[in-house]
Amino acid sequence: MDSFEAKTNHDPPLKTQRVMLILQILLRILAFAFTLGAVLRIMTSKQVLFLGFDARYTYSPSMKFFAYANVSGCALSVVSLFLALMCCQKPRDSNKYFYLFLHDLFVFGVLVAGSAAATAIGYVGKYGQKHSGWEPICIFVTKFCHKVTVSLTLSYIAIIIYLCLTIISANQSRQIKA
């Protein structure tokens with residue numbers, strides 16, 4: 001049995017840690033890009049119709065919360081990129097990865113809350129609510145609704161990225177022994 005263990009080739013943990021670091025950096029850059037795209041798309045979503053009627057994201061508190069949640073996610077993605085780099089330069093410590101896990105979980109929650117609020121309002125805007133007497137408005141402001149849909153799609157992609165980052169950082173905080 002000793003001869004079998006001597007012949008097996010195990011990947012060095014340093015190589016695995018390096019791959020995980022590169023993956024985290026790549027995912028954090030992608031999260032930054034997608035949240036920035038969602039922010040730019042929602043903040044430029046405006047459509048003016050006849051007689052001064054216009055549609056803007058600032059008219060809905062849920063859409064404003066969505067925009068601010070993505071701004072926060074974008075800024076915190078940059079912060080988390082620096083945190084991830086700091087975790088790798090110092091000796092391995094599970095506390096640092098635990099704090100990174102909490103950070104990722106917080107950003108994930110903020111993005112989910114903002115996207116859920118905007119999705120609910122977007123659904124009412126697209127399909128209406130017949131029981132309450134709310135008619136759909138997307139038939140009148142199609143450009144605005146399309147921009148909001150694109151922004152929501154970008155934000156949901158960022159949510160999936162942050163879910164992956166949360167799982168990765170939770171796994172790393174569990175594996176590293178202080």
# chains A, B, ... in the order shown; residues from 1 in each chain; ligands from 1
call {"tool": "closest_atom_pairs", "arguments": {"of": "region 52-109 of chain A", "to": "region 159-174 of chain A", "cutoff": "12 Å", "atoms": "only C-alpha atoms", "output": "CSV"}}
result
residue,atom,partner,partner_atom,distance
A:Ala69,CA,A:Ile159,CA,11.4
A:Asn70,CA,A:Ile159,CA,10.2
A:Gly73,CA,A:Ile159,CA,9.6
A:Cys74,CA,A:Tyr162,CA,11.4
A:Leu76,CA,A:Tyr162,CA,11.3
A:Ser77,CA,A:Tyr162,CA,9.4
A:Ser80,CA,A:Leu165,CA,10.3
A:Leu81,CA,A:Leu165,CA,11.2
A:Leu83,CA,A:Ser169,CA,11.5
A:Ala84,CA,A:Ser169,CA,9.4
A:Cys87,CA,A:Gln172,CA,10.8
A:Cys88,CA,A:Gln172,CA,11.5
A:Arg92,CA,A:Ser173,CA,9.8
A:Asp93,CA,A:Ser173,CA,8.1
A:Ser94,CA,A:Ser173,CA,4.8
A:Asn95,CA,A:Ser173,CA,7.0
A:Lys96,CA,A:Ser173,CA,7.7
A:Tyr97,CA,A:Ser173,CA,4.7
A:Phe98,CA,A:Ser173,CA,5.1
A:Tyr99,CA,A:Ser173,CA,8.7
A:Leu100,CA,A:Ser169,CA,6.5
A:Phe101,CA,A:Ser169,CA,4.9
A:Leu102,CA,A:Thr166,CA,8.1
A:His103,CA,A:Thr166,CA,8.5
A:Asp104,CA,A:Thr166,CA,5.3
A:Leu105,CA,A:Thr166,CA,5.8
A:Phe106,CA,A:Thr166,CA,9.4
A:Val107,CA,A:Tyr162,CA,7.5
A:Phe108,CA,A:Tyr162,CA,5.6
A:Gly109,CA,A:Ile159,CA,8.7
call {"tool": "write_last_selection", "arguments": {"atoms": "C-alpha atoms", "output": "CSV table (one decimal), in the first residue's frame"}}
result
chain,number,residue,atom,x,y,z
A,69,ALA,CA,-28.3,48.0,-5.8
A,70,ASN,CA,-26.4,47.6,-9.0
A,73,GLY,CA,-22.7,45.8,-6.5
A,74,CYS,CA,-20.5,47.5,-9.1
A,76,LEU,CA,-18.3,46.4,-4.1
A,77,SER,CA,-17.0,44.2,-7.0
A,80,SER,CA,-13.9,42.5,-3.5
A,81,LEU,CA,-11.3,42.3,-6.2
A,83,LEU,CA,-9.9,41.8,-1.0
A,84,ALA,CA,-9.3,38.7,-3.0
A,87,CYS,CA,-6.1,37.2,0.8
A,88,CYS,CA,-3.6,35.6,-1.5
A,92,ARG,CA,-3.3,31.4,4.3
A,93,ASP,CA,-5.9,32.3,6.9
A,94,SER,CA,-9.5,31.0,7.0
A,95,ASN,CA,-10.8,34.2,8.6
A,96,LYS,CA,-9.9,36.3,5.6
A,97,TYR,CA,-11.8,33.9,3.3
A,98,PHE,CA,-14.7,33.9,5.7
A,99,TYR,CA,-14.9,37.7,5.5
A,100,LEU,CA,-14.7,37.5,1.8
A,101,PHE,CA,-17.5,34.9,1.9
A,102,LEU,CA,-19.6,37.3,4.0
A,103,HIS,CA,-18.9,40.2,1.6
A,104,ASP,CA,-19.9,38.1,-1.4
A,105,LEU,CA,-23.0,36.9,0.3
A,106,PHE,CA,-24.0,40.5,1.2
A,107,VAL,CA,-23.5,41.7,-2.4
A,108,PHE,CA,-25.4,38.7,-3.7
A,109,GLY,CA,-28.3,39.5,-1.4
call {"tool": "select_by_dssp", "arguments": {"residues": "region 8-111 of chain A", "states": "alpha helix (DSSP H)", "output": "PyMOL selection string"}}
result
chain A and resi 13-43+61-89+94-111
call {"tool": "select_by_dssp", "arguments": {"residues": "region 28-115 of chain A", "states": "strand (DSSP E)", "output": "PyMOL selection string"}}
result
chain A and resi 46-48+54-56
call {"tool": "closest_residue", "arguments": {"among": "A:Tyr156, A:Tyr57, A:Tyr123, A:Phe32", "to": "Ile137 (chain A)", "atoms": "only C-alpha atoms"}}
result
A:Tyr123
call {"tool": "atom_distance", "arguments": {"atom1": "CA of Arg28 (chain A)", "atom2": "CA of Ala158 (chain A)"}}
result
9.4 Å
call {"tool": "closest_residue", "arguments": {"among": "A:Gln129, A:Ser115, A:Thr16, A:Ser62", "to": "Ser155 (chain A)", "atoms": "only C-alpha atoms"}}
result
A:Ser115
call {"tool": "atom_distance", "arguments": {"atom1": "CA of Tyr59 (chain A)", "atom2": "CA of Ala117 (chain A)"}}
result
13.9 Å
call {"tool": "closest_residue", "arguments": {"among": "A:Met20, A:Ile157, A:Ala33, A:Leu49", "to": "Leu111 (chain A)", "atoms": "only C-alpha atoms"}}
result
A:Ile157
call {"tool": "residues_around", "arguments": {"residues": "Gly37 (chain A)", "least_positions_apart": "3", "cutoff": "8 Å", "atoms": "only C-alpha atoms", "output": "number ranges by chain"}}
result
A: 33-34, 40-41, 151, 154
call {"tool": "residues_around", "arguments": {"residues": "Val148 (chain A)", "least_positions_apart": "3", "cutoff": "10 Å", "atoms": "only C-alpha atoms", "output": "PyMOL selection string"}}
result
chain A and resi 38+41-46+56-57+63+118-119+122+142-145+151-154
call {"tool": "atom_distance", "arguments": {"atom1": "CA of Ile139 (chain A)", "atom2": "CA of Ala67 (chain A)"}}
result
23.1 Å
